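Structure below is data.cif: mmCIF, C-alpha atoms.
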```cif
data_structure
#
loop_
_atom_site.label_atom_id
_atom_site.label_comp_id
_atom_site.auth_asym_id
_atom_site.auth_seq_id
_atom_site.Cartn_x
_atom_site.Cartn_y
_atom_site.Cartn_z
CA MET X 14 0.00 0.00 0.00
CA THR X 15 1.52 3.32 -1.10
CA ASP X 16 1.80 5.98 1.59
CA THR X 17 -0.31 9.07 1.07
CA LEU X 18 1.42 11.19 3.71
CA ALA X 19 5.00 11.62 4.90
CA LEU X 20 5.59 12.19 8.60
CA LYS X 21 8.62 13.79 10.24
CA ALA X 22 9.11 14.63 13.94
CA LEU X 23 12.12 16.53 15.35
CA LEU X 24 13.08 17.85 18.76
CA GLU X 25 14.71 21.27 18.87
CA ARG X 26 17.85 19.76 20.46
CA SER X 27 19.61 16.48 19.83
CA SER X 28 20.74 15.87 23.42
CA MET X 29 20.35 16.88 27.04
CA ARG X 30 22.48 16.44 30.15
CA PRO X 31 21.83 13.57 32.59
CA GLY X 32 19.59 14.34 35.56
CA ARG X 33 18.14 17.52 33.99
CA LYS X 34 14.45 18.33 33.63
CA GLU X 35 13.79 20.65 30.69
CA GLU X 36 11.05 21.90 28.43
CA LEU X 37 11.77 21.29 24.75
CA HIS X 38 9.72 21.81 21.60
CA LEU X 39 8.78 19.11 19.14
CA LEU X 40 8.10 19.91 15.49
CA VAL X 41 5.83 17.50 13.63
CA GLU X 42 5.59 17.96 9.87
CA LEU X 43 3.04 16.27 7.61
CA GLU X 44 3.35 16.39 3.84
CA ALA X 45 0.85 15.10 1.30
CA ILE X 46 2.92 12.99 -1.09
CA GLY X 47 0.27 10.71 -2.59
CA ALA X 48 -1.55 11.26 -5.84
CA PRO X 49 -4.57 13.57 -5.54
CA VAL X 50 -8.04 12.40 -6.29
CA ASP X 51 -7.84 14.58 -9.42
CA ALA X 52 -10.40 13.96 -12.18
CA ALA X 53 -11.25 10.58 -10.70
CA ARG X 54 -12.11 12.02 -7.30
CA PRO X 55 -14.71 10.05 -5.35
CA ALA X 56 -18.27 11.23 -5.37
CA LEU X 57 -19.12 13.88 -2.81
CA SER X 58 -22.16 13.87 -0.56
CA VAL X 59 -22.67 17.45 0.60
CA VAL X 60 -25.26 18.96 2.91
CA PHE X 61 -25.55 22.75 2.95
CA VAL X 62 -26.65 23.98 6.39
CA LEU X 63 -28.20 27.43 5.94
CA ASP X 64 -28.74 29.96 8.72
CA ALA X 65 -32.27 31.37 8.37
CA SER X 66 -32.35 33.17 11.72
CA GLY X 67 -33.44 36.77 12.19
CA SER X 68 -29.86 38.04 12.39
CA MET X 69 -29.33 36.88 8.78
CA ASN X 70 -32.14 39.05 7.42
CA GLY X 71 -31.20 41.17 4.42
CA LYS X 72 -27.85 40.99 2.66
CA PRO X 73 -26.36 38.08 4.68
CA LEU X 74 -29.20 35.72 3.68
CA THR X 75 -29.16 37.06 0.11
CA ASN X 76 -25.44 36.23 -0.05
CA VAL X 77 -26.07 32.74 1.35
CA ILE X 78 -28.68 32.03 -1.33
CA GLU X 79 -26.36 33.30 -4.04
CA SER X 80 -23.53 31.17 -2.62
CA VAL X 81 -25.63 27.99 -2.81
CA GLU X 82 -26.36 28.70 -6.48
CA MET X 83 -22.62 28.93 -7.13
CA LEU X 84 -21.74 25.94 -4.96
CA VAL X 85 -24.03 23.49 -6.73
CA ASP X 86 -22.54 24.60 -10.07
CA LEU X 87 -19.11 23.46 -8.82
CA LEU X 88 -20.31 19.91 -8.29
CA SER X 89 -20.79 17.08 -10.77
CA PRO X 90 -23.84 14.93 -11.59
CA ASP X 91 -22.17 12.06 -9.69
CA ASP X 92 -22.30 14.06 -6.46
CA LYS X 93 -25.18 14.16 -4.01
CA VAL X 94 -26.49 17.34 -2.38
CA GLY X 95 -28.96 18.04 0.40
CA VAL X 96 -30.03 21.32 2.01
CA VAL X 97 -31.01 22.06 5.60
CA SER X 98 -32.13 25.40 6.99
CA PHE X 99 -32.34 26.32 10.66
CA SER X 100 -33.70 28.99 12.95
CA ASP X 101 -35.37 27.88 16.23
CA ASP X 102 -35.04 24.31 14.88
CA ALA X 103 -33.81 22.66 11.70
CA ALA X 104 -35.81 21.59 8.66
CA GLU X 105 -35.00 19.67 5.48
CA VAL X 106 -35.21 21.93 2.44
CA CYS X 107 -34.00 19.37 -0.10
CA ALA X 108 -33.40 15.68 0.56
CA LEU X 109 -29.94 14.29 -0.22
CA SER X 110 -30.05 13.20 -3.86
CA SER X 111 -27.90 12.93 -6.97
CA LEU X 112 -27.23 16.27 -8.59
CA THR X 113 -29.23 15.81 -11.76
CA PRO X 114 -30.21 18.95 -13.72
CA GLU X 115 -33.69 18.66 -12.21
CA ALA X 116 -32.30 18.36 -8.68
CA LYS X 117 -30.02 21.36 -9.25
CA ARG X 118 -32.96 23.49 -10.36
CA ALA X 119 -35.02 22.35 -7.36
CA ILE X 120 -32.20 23.22 -4.93
CA LYS X 121 -31.83 26.71 -6.37
CA ARG X 122 -35.60 27.30 -6.40
CA ARG X 123 -36.24 26.08 -2.86
CA THR X 124 -33.20 27.83 -1.43
CA ALA X 125 -34.34 31.11 -3.00
CA GLY X 126 -37.59 30.77 -1.05
CA ILE X 127 -35.95 30.67 2.39
CA ARG X 128 -36.86 33.58 4.65
CA ALA X 129 -35.18 34.81 7.83
CA LEU X 130 -37.15 33.83 10.93
CA ALA X 131 -36.24 33.99 14.65
CA SER X 132 -33.50 32.42 16.80
CA THR X 133 -30.25 30.66 15.82
CA ASN X 134 -29.87 26.95 16.58
CA ILE X 135 -26.68 25.92 14.80
CA GLU X 136 -26.56 22.62 16.70
CA ALA X 137 -29.95 21.57 15.30
CA GLY X 138 -28.80 22.36 11.75
CA LEU X 139 -25.58 20.36 12.10
CA ARG X 140 -27.32 17.35 13.64
CA CYS X 141 -29.96 17.37 10.91
CA ALA X 142 -27.19 17.37 8.28
CA GLU X 143 -25.40 14.47 9.98
CA HIS X 144 -28.63 12.46 10.05
CA MET X 145 -29.26 13.23 6.39
CA LEU X 146 -25.80 11.98 5.35
CA GLY X 147 -25.91 8.70 7.28
CA ALA X 148 -22.94 6.32 7.39
CA ARG X 149 -20.11 6.93 4.97
CA THR X 150 -19.72 4.40 2.16
CA PRO X 151 -16.25 3.10 1.12
CA ASN X 152 -15.80 5.39 -1.92
CA GLU X 153 -17.54 8.51 -0.69
CA ARG X 154 -16.44 11.82 0.78
CA GLN X 155 -18.98 13.51 3.04
CA VAL X 156 -19.03 17.25 3.64
CA ILE X 157 -21.19 19.38 5.91
CA LEU X 158 -20.98 23.05 4.91
CA LEU X 159 -22.39 25.59 7.39
CA LEU X 160 -23.31 29.02 5.98
CA SER X 161 -24.00 31.33 8.93
CA ASP X 162 -23.14 34.47 10.88
CA GLY X 163 -22.04 32.23 13.76
CA ALA X 164 -24.29 33.79 16.41
CA PRO X 165 -26.09 30.84 18.10
CA ASN X 166 -28.56 31.51 20.91
CA LEU X 167 -30.38 28.17 21.09
CA GLY X 168 -28.92 24.69 21.63
CA ALA X 169 -25.14 24.58 21.90
CA ALA X 170 -24.39 28.29 22.01
CA SER X 171 -20.63 28.60 22.56
CA ALA X 172 -17.57 27.69 20.54
CA ALA X 173 -16.61 24.96 23.03
CA ALA X 174 -20.12 23.45 23.07
CA LEU X 175 -20.30 23.38 19.27
CA GLU X 176 -16.84 21.83 19.05
CA ALA X 177 -18.16 18.98 21.22
CA VAL X 178 -21.12 18.58 18.85
CA VAL X 179 -18.98 18.52 15.71
CA GLN X 180 -15.99 16.47 16.81
CA PRO X 181 -17.70 13.03 16.62
CA MET X 182 -18.93 13.84 13.10
CA ARG X 183 -15.37 13.77 11.72
CA ALA X 184 -15.40 9.96 11.58
CA ASN X 185 -17.65 10.26 8.52
CA ALA X 186 -17.77 13.89 7.38
CA SER X 187 -15.61 16.98 7.32
CA VAL X 188 -17.31 20.16 8.53
CA SER X 189 -16.42 23.52 6.97
CA THR X 190 -17.91 26.94 7.63
CA LEU X 191 -18.57 30.07 5.59
CA GLY X 192 -19.15 33.34 7.47
CA TYR X 193 -21.67 35.99 6.36
CA GLY X 194 -22.41 39.51 7.59
CA ALA X 195 -19.99 42.17 8.79
CA SER X 196 -20.64 41.26 12.44
CA HIS X 197 -20.35 37.48 12.03
CA ASN X 198 -18.64 35.56 14.85
CA ALA X 199 -15.41 34.30 13.34
CA ASP X 200 -14.33 32.59 16.58
CA VAL X 201 -17.39 30.31 16.64
CA LEU X 202 -17.20 29.47 12.93
CA HIS X 203 -13.47 28.83 13.07
CA ALA X 204 -13.86 26.58 16.12
CA ILE X 205 -16.50 24.51 14.34
CA SER X 206 -14.30 24.08 11.25
CA VAL X 207 -11.24 23.09 13.30
CA ALA X 208 -13.22 20.50 15.27
CA GLY X 209 -14.69 19.22 12.01
CA GLY X 210 -11.38 18.96 10.17
CA GLY X 211 -12.52 21.51 7.61
CA GLN X 212 -11.87 25.13 6.71
CA TYR X 213 -13.40 28.51 7.55
CA TRP X 214 -13.72 31.53 5.26
CA PHE X 215 -15.49 34.87 5.53
CA VAL X 216 -17.58 35.59 2.41
CA PRO X 217 -18.13 39.34 1.93
CA ASP X 218 -18.99 38.81 -1.75
CA PRO X 219 -19.96 35.40 -3.19
CA GLN X 220 -18.88 36.46 -6.68
CA GLN X 221 -15.28 36.73 -5.43
CA ALA X 222 -15.24 33.45 -3.48
CA SER X 223 -15.19 30.68 -6.11
CA VAL X 224 -11.80 29.30 -4.97
CA GLU X 225 -12.89 29.27 -1.33
CA PHE X 226 -16.12 27.53 -2.28
CA ALA X 227 -14.27 24.79 -4.16
CA ARG X 228 -11.90 24.22 -1.26
CA ALA X 229 -14.70 24.18 1.29
CA LEU X 230 -16.38 21.43 -0.72
CA GLY X 231 -13.22 19.51 -1.54
CA ALA X 232 -14.55 19.66 -5.10
CA GLN X 233 -11.31 20.88 -6.61
CA GLY X 234 -10.03 17.29 -6.82
CA ASP X 235 -6.67 17.78 -5.11
CA ILE X 236 -7.59 16.47 -1.64
CA VAL X 237 -5.11 13.74 -0.72
CA ALA X 238 -6.05 12.86 2.88
CA ASP X 239 -8.97 13.56 5.16
CA ASN X 240 -10.02 12.84 8.75
CA VAL X 241 -6.40 13.53 9.80
CA GLU X 242 -5.50 13.18 13.48
CA LEU X 243 -2.16 13.57 15.24
CA VAL X 244 -1.64 11.54 18.44
CA LEU X 245 1.34 12.26 20.70
CA SER X 246 2.11 9.40 23.11
CA PRO X 247 4.77 10.37 25.67
CA ALA X 248 7.25 7.84 27.07
CA ASP X 249 7.93 7.33 30.80
CA HIS X 250 10.33 10.26 31.17
CA ALA X 251 8.27 12.79 29.19
CA GLU X 252 5.05 14.78 29.37
CA VAL X 253 3.20 16.61 26.62
CA LYS X 254 2.62 20.03 28.17
CA ASP X 255 0.83 21.68 25.24
CA VAL X 256 0.11 21.37 21.51
CA LEU X 257 0.48 24.96 20.39
CA GLY X 258 -2.44 26.51 18.55
CA GLN X 259 -4.42 23.26 18.39
CA LYS X 260 -7.60 22.10 20.07
CA VAL X 261 -6.90 18.67 21.55
CA ARG X 262 -8.79 15.90 23.24
CA PHE X 263 -7.11 13.33 25.43
CA GLY X 264 -7.10 9.69 24.36
CA LYS X 265 -5.74 6.62 26.14
CA THR X 266 -2.15 7.27 25.06
CA GLY X 267 -1.99 11.07 24.96
CA PRO X 268 -3.38 14.24 23.37
CA VAL X 269 -5.12 13.97 19.99
CA ALA X 270 -5.22 16.96 17.61
CA ALA X 271 -7.68 16.99 14.70
CA LEU X 272 -6.10 18.50 11.58
CA PRO X 273 -7.72 19.83 8.38
CA ASP X 274 -7.80 17.83 5.16
CA LEU X 275 -4.54 17.95 3.20
CA ARG X 276 -4.28 18.90 -0.46
CA GLU X 277 -1.69 17.73 -2.96
CA LYS X 278 1.87 18.72 -1.93
CA GLN X 279 0.55 20.65 1.08
CA LYS X 280 2.59 20.66 4.28
CA ARG X 281 1.22 21.15 7.77
CA ARG X 282 3.39 21.73 10.82
CA VAL X 283 2.40 21.24 14.44
CA VAL X 284 4.52 22.29 17.42
CA ALA X 285 4.21 20.68 20.84
CA SER X 286 5.83 21.60 24.14
CA LEU X 287 7.33 18.63 26.03
CA VAL X 288 8.75 18.38 29.52
CA ILE X 289 11.54 15.79 29.60
CA ASP X 290 13.04 14.44 32.83
CA ALA X 291 16.36 12.89 31.84
CA PRO X 292 17.66 9.97 33.94
CA ILE X 293 21.11 10.01 35.50
CA GLU X 294 22.33 7.21 33.25
CA PRO X 295 23.51 8.36 29.79
CA GLY X 296 22.21 6.80 26.60
CA PRO X 297 19.35 7.13 24.12
CA LEU X 298 16.03 8.10 25.71
CA ALA X 299 12.62 7.48 24.14
CA VAL X 300 10.59 10.69 24.42
CA VAL X 301 7.37 10.43 22.42
CA ASP X 302 5.68 8.53 19.61
CA ALA X 303 4.10 10.73 16.93
CA LEU X 304 1.23 8.87 15.28
CA VAL X 305 -0.93 10.13 12.42
CA ARG X 306 -4.25 8.50 11.57
CA TYR X 307 -6.00 9.44 8.33
CA HIS X 308 -8.11 8.33 5.38
CA ALA X 309 -6.76 8.48 1.86
CA ALA X 310 -9.32 10.66 0.08
CA GLY X 311 -12.34 8.63 -0.94
CA ASN X 312 -11.26 5.60 1.10
CA ALA X 313 -12.89 4.65 4.41
CA GLU X 314 -9.88 2.57 5.53
CA VAL X 315 -7.96 4.10 8.45
CA ARG X 316 -4.24 4.40 7.73
CA GLU X 317 -1.50 5.12 10.24
CA LEU X 318 2.03 6.53 10.23
CA ARG X 319 4.22 6.42 13.33
CA VAL X 320 7.56 8.04 14.12
CA PRO X 321 9.38 7.37 17.43
CA VAL X 322 11.27 10.38 18.79
CA LYS X 323 14.41 9.93 20.91
CA ILE X 324 16.98 12.19 22.50
CA ALA X 325 20.56 11.43 23.56
CA VAL X 326 21.28 11.78 27.29
CA ILE X 327 24.95 12.73 27.42
CA ASP X 328 27.14 15.00 29.53
CA ARG X 329 28.04 17.61 26.93
CA GLU X 330 26.71 20.90 25.62
CA PRO X 331 23.36 20.23 23.86
CA GLN X 332 23.31 20.84 20.13
CA VAL X 333 20.46 22.65 18.36
CA VAL X 334 18.78 20.67 15.55
CA VAL X 335 19.05 23.17 12.70
CA GLU X 336 16.55 21.39 10.46
#
```
Can you give me the file's structure in the form of structure tokens?
Amino acid sequence: MTDTLALKALLERSSMRPGRKEELHLLVELEAIGAPVDAARPALSVVFVLDASGSMNGKPLTNVIESVEMLVDLLSPDDKVGVVSFSDDAAEVCALSSLTPEAKRAIKRRTAGIRALASTNIEAGLRCAEHMLGARTPNERQVILLLSDGAPNLGAASAAALEAVVQPMRANASVSTLGYGASHNADVLHAISVAGGGQYWFVPDPQQASVEFARALGAQGDIVADNVELVLSPADHAEVKDVLGQKVRFGKTGPVAALPDLREKQKRRVVASLVIDAPIEPGPLAVVDALVRYHAAGNAEVRELRVPVKIAVIDREPQVVVE
């Protein structure tokens, strides 16, 4: 089986003195080296989750409707699309179905009829989309795309609460977000996309956002790996103090960071802070195992890459790892 990703993990120093306890940084680098899905990309199943709350009234909702018209035009007849709208609760606008010309016209017509109502229940919209998608099939990529101002006031109403809602969805679907309205809450929308392994973009003008739309869908055909997770498992003499700039959950062996999908030739770097307590005896010391779990795009099989990280315990001046 050909690897899709390359994994490298380096400590900032190659050695430390015996009996010392120090904080060192670990750099983990992922690179997408496999072939992209390209023209033969797997079929997408996409659910658009549209914010129809009162705060979206006017231009924000108009921009959302215009965005959906552009988004469906980026997809192929082999893809499936469904539409959910939400306010106090969520409702199915269009059932998930193959994107035939008739289905495309129905999506555009029904979406154009959405009107802004009352409160904002993002959780209800996301859960309705998850239910609509169902279990992921072996050669399918699932995407939930939230179009909202990110101002929930019903259901899960904070970034942390919505992260907890979205995180379990990553096993089947990636969740991306598009922000609308000058006063949209970027923190909430970004948190949802990070927890969902997707991307977040602000959309001031749909006509200028075609690239962002394609990337949010994964429809550009260059996605190499999805559902990417980094697990850092410390050895006996080490502790993972922090994974900088990443939301993590804690598994049986250590912190787990969910990472966005990787495109062809894309690199992603993660930095972690480790506390290492060197023994008195010199010699090589196991510090941490860096493990990456992922799906090759369009494949439901979980793949893994593992790199053990060691440091030399020796009584000499530590050397910086230039690389």
Extract, using all atoms listed in the file, all DNA, RNA and protein residues at most 9 Å from X:Ala137, discarding same-chain residues fewer than 5 positions from it, and format them as a compact mmCIF listing (two decimals) with C-alpha atoms, in the coordinates of the input.
```txt
# COMPACT_ATOMS: atom_id res chain seq x y z
CA PHE X 99 -32.34 26.32 10.66
CA SER X 100 -33.70 28.99 12.95
CA ASP X 101 -35.37 27.88 16.23
CA ASP X 102 -35.04 24.31 14.88
CA ALA X 103 -33.81 22.66 11.70
CA ALA X 104 -35.81 21.59 8.66
CA ALA X 142 -27.19 17.37 8.28
CA LEU X 167 -30.38 28.17 21.09
CA GLY X 168 -28.92 24.69 21.63
CA ALA X 169 -25.14 24.58 21.90
```
Selection: 10 Å around X:Asp200, only C-alpha atoms, excl. self and same-chain fewer than 6 positions, as an MDAnalysis selection string: chainID X and resid 163 171:172 213
Take the residues just selected and output them with C-alpha atoms as an mmCIF file, in the frame of the given file.
```cif
data_model
loop_
_atom_site.group_PDB
_atom_site.id
_atom_site.type_symbol
_atom_site.label_atom_id
_atom_site.label_comp_id
_atom_site.auth_asym_id
_atom_site.auth_seq_id
_atom_site.Cartn_x
_atom_site.Cartn_y
_atom_site.Cartn_z
ATOM 1 C CA GLY X 163 -22.040 32.230 13.760
ATOM 2 C CA SER X 171 -20.630 28.600 22.560
ATOM 3 C CA ALA X 172 -17.570 27.690 20.540
ATOM 4 C CA TYR X 213 -13.400 28.510 7.550
#
```
Chain and number of each residue from the PyMOL selection byres ((chain X and resi 301) around 10), as a list in words: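 What the PyMOL selection byres ((chain X and resi 301) around 10) grabs from the file is Ala22, Leu39, Val244, Leu245, Ser246, Pro247, Ala248, Asp249, His250, Ala251, Glu252, Val253, Gly267, Leu287, Ile289, Leu298, Ala299, Val300, Asp302, Ala303, Leu304, Val320, Pro321, Val322, Lys323 and Ile324 of chain X.
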Nearest to X:Val77, chosen from X:Val59, X:Val41, X:Leu159, X:Ala131, with only C-alpha atoms counted in the distances: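 Closest to X:Val77, using only C-alpha atoms: X:Leu159.
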From X:Glu317, X:Glu35, X:Glu176, X:Glu82, residue lying nearest X:Ala238 [only C-alpha atoms]: X:Glu317
Radius query 7 Å about (-34.9, 33.5, 8.5), atoms used: all atoms listed in the file, as a count of residues only: 11
Reference answer for the PyMOL selection byres ((chain X and resi 327) around 8), as number ranges by chain: X: 28-31, 295-296, 325-326, 328-329
Selection near X:Ala170, 12 Å with all atoms listed in the file, sequence-local residues under 6 positions removed, as a list in words: Ser132, Thr133, Asn134, Ile135, Glu136, Ala137, Gly163, Ala164, Glu176, Ala177, Val178, Asn198, Val201, Leu202 and Ile205 of chain X
Residue with smallest distance to X:Ser80 - pool X:Val106, X:Ala116, X:Leu191, X:Ala291, counting only C-alpha atoms: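 Between X:Val106, X:Ala116, X:Leu191, X:Ala291, the residue approaching X:Ser80 most closely is X:Leu191.
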Chain and number of each residue from the PyMOL selection byres ((chain X and resi 312) around 12), as a list in words: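 After applying the PyMOL selection byres ((chain X and resi 312) around 12), what remains is Thr17, Val50, Arg54, Pro55, Ala56, Arg149, Thr150, Pro151, Asn152, Glu153, Arg154, Gln155, Asn185, Ile236, Val237, Ala238, Asp239, Asn240, Tyr307, His308, Ala309, Ala310, Gly311, Ala313, Glu314, Val315 and Arg316 of chain X.
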Two-atom distance - atom CA of X:Gly264, atom CA of X:Glu242 (Å):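 Here the two named atoms are 11.5 Å from each other.
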d(atom CA of X:His144, atom CA of X:Val60) in Å: 10.2 Å
